[in-house]
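Coordinates as given in structure31.txt (compact mmCIF, C-alpha atoms):
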# COMPACT_ATOMS: atom_id res chain seq x y z
CA MET W 1 -8.74 -20.50 22.51
CA THR W 2 -9.32 -20.78 18.76
CA TRP W 3 -6.92 -19.19 16.32
CA ALA W 4 -9.67 -16.75 15.22
CA LEU W 5 -10.17 -15.51 18.80
CA LEU W 6 -6.42 -15.24 19.33
CA THR W 7 -6.19 -13.21 16.12
CA LEU W 8 -8.98 -10.91 17.34
CA LEU W 9 -7.16 -10.37 20.65
CA ALA W 10 -3.94 -9.66 18.74
CA ILE W 11 -5.75 -7.11 16.56
CA THR W 12 -7.11 -5.34 19.65
CA ALA W 13 -3.67 -5.29 21.28
CA ARG W 14 -2.12 -3.92 18.07
CA ALA W 15 -4.69 -1.12 17.87
CA THR W 16 -3.96 -0.26 21.50
CA LEU W 17 -0.26 -0.25 20.66
CA SER W 18 -0.91 2.33 17.93
CA ILE W 19 -2.27 4.69 20.57
CA ALA W 20 0.47 3.86 23.06
CA THR W 21 3.30 4.50 20.60
CA LYS W 22 1.79 7.82 19.54
CA ILE W 23 1.53 8.91 23.19
CA LEU W 24 5.10 7.77 23.88
CA SER W 25 6.42 9.54 20.79
CA LYS W 26 4.56 12.77 21.57
CA ASP W 27 5.04 13.01 25.33
CA VAL W 28 8.59 11.70 25.83
CA GLU W 29 10.94 14.06 23.99
CA VAL W 30 13.80 11.86 22.83
CA SER W 31 14.94 10.44 19.49
CA ALA W 32 13.13 7.68 17.61
CA THR W 33 15.98 5.27 18.36
CA THR W 34 15.64 5.87 22.10
CA HIS W 35 11.86 5.40 21.86
CA SER W 36 12.55 2.07 20.18
CA VAL W 37 14.97 0.89 22.87
CA LEU W 38 12.67 2.05 25.68
CA LEU W 39 9.84 0.01 24.15
CA THR W 40 11.82 -3.17 23.52
CA MET W 41 13.66 -3.15 26.87
CA THR W 42 10.40 -2.66 28.79
CA ALA W 43 8.77 -5.45 26.78
CA THR W 44 11.78 -7.69 27.50
CA ILE W 45 11.24 -7.29 31.24
CA LEU W 46 7.51 -7.91 30.88
CA SER W 47 8.21 -10.99 28.75
CA LEU W 48 10.31 -12.52 31.54
CA VAL W 49 7.35 -12.06 33.88
CA VAL W 50 4.83 -13.53 31.44
CA ALA W 51 6.99 -16.38 30.08
CA PRO W 52 6.10 -18.95 32.82
CA PHE W 53 2.41 -18.51 31.96
CA VAL W 54 2.84 -19.12 28.22
CA GLY W 55 4.83 -22.34 28.34
CA GLY W 56 8.13 -21.10 29.76
CA ILE W 57 11.39 -20.39 27.98
CA SER W 58 12.95 -23.23 26.02
CA PHE W 59 15.70 -22.85 23.43
CA SER W 60 15.48 -26.46 22.31
CA GLY W 61 15.88 -26.71 18.54
CA VAL W 62 16.58 -23.00 18.14
CA ASP W 63 19.99 -23.68 16.56
CA GLN W 64 18.24 -25.25 13.56
CA TYR W 65 16.42 -21.99 12.83
CA TRP W 66 19.26 -19.49 13.14
CA LEU W 67 18.45 -17.77 9.83
CA PRO W 68 14.76 -16.90 10.52
CA ILE W 69 15.74 -15.94 14.09
CA ALA W 70 18.42 -13.58 12.77
CA ILE W 71 15.84 -12.15 10.35
CA ILE W 72 13.38 -11.66 13.23
CA ILE W 73 15.93 -9.74 15.30
CA MET W 74 17.27 -7.53 12.50
CA SER W 75 13.91 -6.72 10.89
CA GLN W 76 12.32 -5.86 14.24
CA SER W 77 15.30 -3.67 15.16
CA PHE W 78 15.06 -1.27 12.26
CA ALA W 79 11.29 -1.54 11.75
CA ASN W 80 10.82 -0.04 15.22
CA VAL W 81 13.12 2.89 14.48
CA LEU W 82 11.39 3.66 11.16
CA PHE W 83 7.98 3.36 12.80
CA PHE W 84 8.80 5.91 15.50
CA LEU W 85 10.25 8.27 12.88
CA GLY W 86 6.95 8.04 11.01
CA VAL W 87 4.57 8.25 13.96
CA LYS W 88 6.24 11.48 15.09
CA ARG W 89 5.02 13.07 11.85
CA LEU W 90 1.51 11.56 11.63
CA ASP W 91 -1.57 11.08 13.77
CA ALA W 92 -2.20 7.56 15.06
CA GLY W 93 -5.06 6.80 12.64
CA THR W 94 -3.18 7.85 9.51
CA ALA W 95 -0.07 6.01 10.67
CA GLN W 96 -2.00 2.77 11.09
CA VAL W 97 -3.73 3.01 7.71
CA ALA W 98 -0.32 3.53 6.10
CA PHE W 99 1.07 0.69 8.20
CA SER W 100 -1.60 -1.58 6.74
CA SER W 101 0.50 -1.74 3.59
CA ILE W 102 2.06 -4.60 5.55
CA LEU W 103 -0.86 -6.61 4.14
CA VAL W 104 0.57 -6.55 0.64
CA TRP W 105 4.12 -7.38 1.73
CA GLY W 106 2.87 -10.02 4.17
CA ALA W 107 0.69 -11.69 1.54
CA LEU W 108 3.53 -11.76 -0.98
CA LEU W 109 6.01 -13.18 1.51
CA SER W 110 3.46 -15.72 2.78
CA VAL W 111 3.05 -17.08 -0.74
CA LEU W 112 6.80 -17.16 -1.35
CA PHE W 113 8.00 -18.58 1.97
CA LEU W 114 5.04 -20.14 3.81
CA GLY W 115 3.40 -21.79 0.81
CA SER W 116 0.12 -19.94 1.38
CA VAL W 117 -2.50 -19.98 -1.37
CA PHE W 118 -5.03 -17.15 -1.55
CA SER W 119 -8.47 -17.33 -3.14
CA TRP W 120 -9.87 -14.70 -5.49
CA ALA W 121 -11.89 -13.26 -2.60
CA GLN W 122 -8.74 -12.93 -0.51
CA LEU W 123 -6.91 -11.27 -3.39
CA ALA W 124 -9.85 -8.84 -3.69
CA GLY W 125 -9.41 -8.12 0.03
CA ILE W 126 -5.75 -7.29 -0.51
CA LEU W 127 -6.69 -4.91 -3.34
CA LEU W 128 -9.36 -3.29 -1.16
CA MET W 129 -6.79 -2.71 1.58
CA MET W 130 -4.58 -0.87 -0.90
CA VAL W 131 -7.53 1.37 -1.79
CA ALA W 132 -7.95 2.16 1.91
CA ILE W 133 -4.29 3.12 2.24
CA LEU W 134 -4.44 5.43 -0.78
CA LEU W 135 -7.74 6.95 0.37
CA VAL W 136 -6.32 8.20 3.65
CA GLN W 137 -3.53 9.96 1.74
CA TYR W 138 -5.85 11.61 -0.82
CA LYS W 139 -5.67 15.36 -0.23
CA GLY W 140 -6.41 18.28 -2.50
CA GLY W 141 -7.17 16.13 -5.52
CA LYS W 142 -3.96 14.09 -5.33
CA ILE W 143 -2.20 11.37 -3.36
CA ASP W 144 0.04 13.08 -0.81
CA MET W 145 2.72 10.59 0.25
CA SER W 146 4.44 12.50 3.05
CA SER W 147 7.78 11.56 4.60
CA GLY W 148 5.91 10.22 7.63
CA VAL W 149 3.91 7.85 5.43
CA LEU W 150 7.06 6.68 3.65
CA TYR W 151 8.74 5.92 6.99
CA ILE W 152 5.68 3.92 8.07
CA VAL W 153 5.52 2.01 4.78
CA GLY W 154 9.24 1.24 5.13
CA SER W 155 8.64 -0.09 8.63
CA ALA W 156 5.69 -2.13 7.31
CA VAL W 157 7.97 -3.90 4.82
CA LEU W 158 10.34 -4.89 7.63
CA TYR W 159 7.49 -5.87 9.94
CA ALA W 160 6.09 -8.10 7.19
CA VAL W 161 9.43 -9.87 7.01
CA PHE W 162 9.34 -10.14 10.81
CA GLN W 163 5.80 -11.59 10.81
CA VAL W 164 6.52 -14.21 8.17
CA ALA W 165 9.74 -15.29 9.90
CA SER W 166 7.80 -15.48 13.18
CA ALA W 167 5.11 -17.64 11.59
CA ASP W 168 7.82 -19.88 10.14
CA ILE W 169 9.27 -20.78 13.58
CA SER W 170 6.00 -20.70 15.55
CA LYS W 171 5.49 -24.47 15.49
CA VAL W 172 8.90 -25.26 17.03
CA VAL W 173 10.13 -22.31 19.15
CA SER W 174 8.50 -21.70 22.54
CA THR W 175 6.57 -18.47 23.09
CA GLY W 176 8.87 -17.41 25.93
CA ALA W 177 12.00 -17.86 23.82
CA TYR W 178 10.35 -16.05 20.93
CA LEU W 179 9.49 -13.03 23.11
CA LEU W 180 13.08 -12.74 24.32
CA MET W 181 14.43 -12.95 20.78
CA ALA W 182 11.90 -10.44 19.48
CA TYR W 183 12.63 -7.87 22.19
CA LEU W 184 16.05 -8.39 23.77
CA GLY W 185 17.72 -8.96 20.40
CA PRO W 186 16.52 -5.67 18.86
CA SER W 187 17.33 -3.81 22.09
CA LEU W 188 20.95 -4.93 21.82
CA VAL W 189 21.21 -4.30 18.07
CA VAL W 190 19.74 -0.78 18.17
CA GLY W 191 21.67 -0.03 21.37
CA LEU W 192 24.98 -0.91 19.72
CA VAL W 193 24.28 0.79 16.39
CA TYR W 194 22.95 4.00 17.93
CA LEU W 195 24.99 4.03 21.16
CA SER W 196 26.06 7.68 20.81
CA GLN W 197 22.46 8.83 20.32
CA LEU W 198 21.31 6.84 23.35
CA LYS W 199 24.02 8.43 25.50
CA LYS W 200 22.91 11.85 24.29
CA ASP W 201 19.28 11.12 25.19
CA LEU W 202 20.00 9.61 28.62
CA PRO W 203 19.86 12.97 30.49
CA LEU W 204 16.53 13.73 28.77
CA VAL W 205 15.13 10.40 29.95
CA ARG W 206 16.22 11.14 33.51
CA ASP W 207 14.54 14.55 33.36
CA GLN W 208 11.28 12.93 32.21
CA LEU W 209 11.57 9.78 34.31
CA LYS W 210 8.01 9.60 35.65
CA LYS W 211 6.17 10.06 32.37
CA THR W 212 8.78 8.01 30.52
CA SER W 213 8.14 5.08 32.87
CA THR W 214 4.34 5.17 32.60
CA LYS W 215 4.18 5.79 28.84
CA THR W 216 6.80 3.13 28.11
CA LEU W 217 5.07 0.59 30.35
CA PHE W 218 1.81 1.16 28.47
CA ALA W 219 3.47 0.75 25.07
CA GLY W 220 5.63 -2.18 26.13
CA GLY W 221 2.67 -4.01 27.65
CA ALA W 222 0.51 -3.55 24.55
CA SER W 223 3.34 -4.70 22.31
CA MET W 224 4.06 -7.77 24.42
CA LEU W 225 0.38 -8.80 24.45
CA TYR W 226 0.23 -8.37 20.68
CA PHE W 227 3.21 -10.68 20.24
CA VAL W 228 1.81 -13.29 22.66
CA PHE W 229 -1.59 -13.43 20.96
CA SER W 230 -0.32 -13.25 17.38
CA TYR W 231 2.33 -15.93 17.99
CA ALA W 232 -0.30 -18.21 19.55
CA ALA W 233 -2.54 -17.59 16.53
CA TYR W 234 0.30 -18.60 14.19
CA LYS W 235 0.73 -21.82 16.19
CA ASN W 236 -2.96 -22.77 16.08
CA ALA W 237 -4.06 -21.60 12.63
CA PRO W 238 -4.30 -24.15 9.81
CA ASP W 239 -2.60 -21.57 7.55
CA SER W 240 -0.41 -19.09 9.44
CA GLY W 241 -0.16 -16.97 6.30
CA VAL W 242 -3.85 -16.08 6.67
CA VAL W 243 -3.15 -14.80 10.20
CA VAL W 244 -0.27 -12.70 8.85
CA VAL W 245 -2.54 -10.81 6.48
CA LEU W 246 -5.63 -10.79 8.71
CA LEU W 247 -3.80 -8.94 11.50
CA THR W 248 -3.78 -5.80 9.37
CA SER W 249 -7.52 -5.33 9.93
CA GLN W 250 -6.49 -3.70 13.22
CA VAL W 251 -6.50 -0.44 11.26
CA VAL W 252 -10.23 0.13 11.79
CA LEU W 253 -9.81 -0.09 15.57
CA SER W 254 -6.73 2.13 15.42
CA VAL W 255 -8.64 4.84 13.58
CA ILE W 256 -11.53 4.67 16.06
CA PHE W 257 -9.16 4.66 19.05
CA GLY W 258 -7.35 7.70 17.63
CA ILE W 259 -10.61 9.63 17.28
CA VAL W 260 -11.95 8.62 20.71
CA PHE W 261 -8.83 8.72 22.88
CA LEU W 262 -6.50 11.14 21.09
CA LYS W 263 -9.22 13.45 19.67
CA GLU W 264 -7.82 13.15 16.15
CA LYS W 265 -10.51 14.97 14.16
CA ASP W 266 -8.50 15.84 11.04
CA ASN W 267 -9.84 14.04 7.93
CA GLN W 268 -12.09 12.07 10.26
CA THR W 269 -14.62 10.97 7.63
CA ARG W 270 -11.97 9.83 5.17
CA LYS W 271 -10.04 7.94 7.86
CA LEU W 272 -13.22 6.24 9.08
CA LEU W 273 -14.09 5.22 5.52
CA ALA W 274 -10.56 3.92 5.02
CA GLY W 275 -10.86 2.00 8.27
CA ILE W 276 -14.17 0.44 7.20
CA LEU W 277 -12.64 -0.57 3.87
CA ALA W 278 -9.70 -2.11 5.72
CA PHE W 279 -12.11 -4.02 7.96
CA ALA W 280 -14.01 -5.31 4.91
CA ALA W 281 -10.69 -6.30 3.37
CA GLY W 282 -9.84 -8.26 6.49
CA ALA W 283 -13.19 -10.08 6.33
CA LEU W 284 -12.53 -11.08 2.72
CA ILE W 285 -9.06 -12.30 3.58
CA LYS W 286 -10.31 -14.46 6.46
CA ASN W 287 -12.82 -16.31 4.25
Encoding of this model in structure tokens:
Amino acid sequence: MTWALLTLLAITARATLSIATKILSKDVEVSATTHSVLLTMTATILSLVVAPFVGGISFSGVDQYWLPIAIIIMSQSFANVLFFLGVKRLDAGTAQVAFSSILVWGALLSVLFLGSVFSWAQLAGILLMMVAILLVQYKGGKIDMSSGVLYIVGSAVLYAVFQVASADISKVVSTGAYLLMAYLGPSLVVGLVYLSQLKKDLPLVRDQLKKTSTKTLFAGGASMLYFVFSYAAYKNAPDSGVVVVLLTSQVVLSVIFGIVFLKEKDNQTRKLLAGILAFAAGALIKN
């Protein structure tokens, strides 16, 4: 598959993940840290199943990239927690438009660490994406940056770091090894840091075992597919930095999915317009 098709598949998986995380956050009544661990542990198990089909698991040469690998694990750990804190307070569409601020951080980091060079059209696309983010927060004649939006923007900064570090190692680290690092590592980090909260939530998980299992499987599967497709796109693209910023165009699908599947009608016109602007921004960035 071409890198453009892989990027499109990654965008679709990421939009599906936006719905899945909202459902998990809303229906399974535990803390954001427990939501994060449920997601990453489920994705770890799924990654072990998928690994033989994406080249297997090989840790050859990993020791030479310990710094970006450590960055991948730590940034993913706390980005997940912040994301679930934010998505609890927002609808899926608004959360994903706010999350698209990752475009700015991703573009900046791509220039600094991946050596990417963006044209004027691509820079215009980045600016247009910022307009889309501000538009969805425009209420009552002013920009209303709620706590939920700030949590999501904070997670976007960390996810941008995660994406750039992932792109940096994509040419040398196998997909199977990458999936384990991206999921098992954060599971252990968050589990150790928030052990007392996880123990507190364990009885709640047992009481909601059936819906916890189904909702977590949906979210974990969508997340794992997103990582598989995006990592493959990094490997095959002539400039992995372009993939980093192009992935944010998933916002238009996320907004549509939220309206169709979650019946999110609030500020529907503004969110759709923001989604269209984000899509146009993605088109400019790809060129």
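If you measure from each of W:Leu195, W:Leu247, W:Ala98, W:Ala237 to Ala10 (chain W) using only C-alpha atoms, the closest one turns out to be W:Leu247.
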For this session: Using all atoms listed in the file, find the one residue out of W:Gln76, W:Thr40, W:Ser25, W:Asn236 that sits nearest to Gly154 (chain W).
Result: W:Gln76
Problem set entry | Distance of CA of Gly106 (chain W) from CA of Leu225 (chain W), expressed in Å to one decimal place | 20.5 Å
For this session: Have a look at CA of Ser196 (chain W) and CA of Leu158 (chain W) and let me know their distance in Å, one decimal.
Result: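 Value for the CA of Ser196 (chain W)-CA of Leu158 (chain W) distance: 24.1 Å.
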For this session: Write out as a list in words which residues come within 7 Å of Ser100 (chain W) when counting all atoms listed in the file, dropping same-chain ones fewer than 4 positions away.
Result: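 With the cut-off at 7 Å, the set is Gln96, Thr248 and Val251 of chain W.
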Problem set entry | Atom pair CA of Val173 (chain W) / CA of Lys235 (chain W): separation (Å) |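 So the answer is 9.9 Å.
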Problem set entry | Close residues, Ala165 (chain W) itself excluded, 8 Å, only C-alpha atoms, min 3 positions apart in chain, as a PyMOL selection string | chain W and resi 68-69+71-72+161-162+168-169
Once you have the residues from the selection above, write them out as a short mmCIF file (atom, residue, chain, number, x, y, z; two decimals), in the coordinates of the input, restricted to C-alpha atoms.
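Written file, part25.cif:
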data_model
loop_
_atom_site.label_atom_id
_atom_site.label_comp_id
_atom_site.auth_asym_id
_atom_site.auth_seq_id
_atom_site.Cartn_x
_atom_site.Cartn_y
_atom_site.Cartn_z
CA PRO W 68 14.76 -16.90 10.52
CA ILE W 69 15.74 -15.94 14.09
CA ILE W 71 15.84 -12.15 10.35
CA ILE W 72 13.38 -11.66 13.23
CA VAL W 161 9.43 -9.87 7.01
CA PHE W 162 9.34 -10.14 10.81
CA ASP W 168 7.82 -19.88 10.14
CA ILE W 169 9.27 -20.78 13.58
#
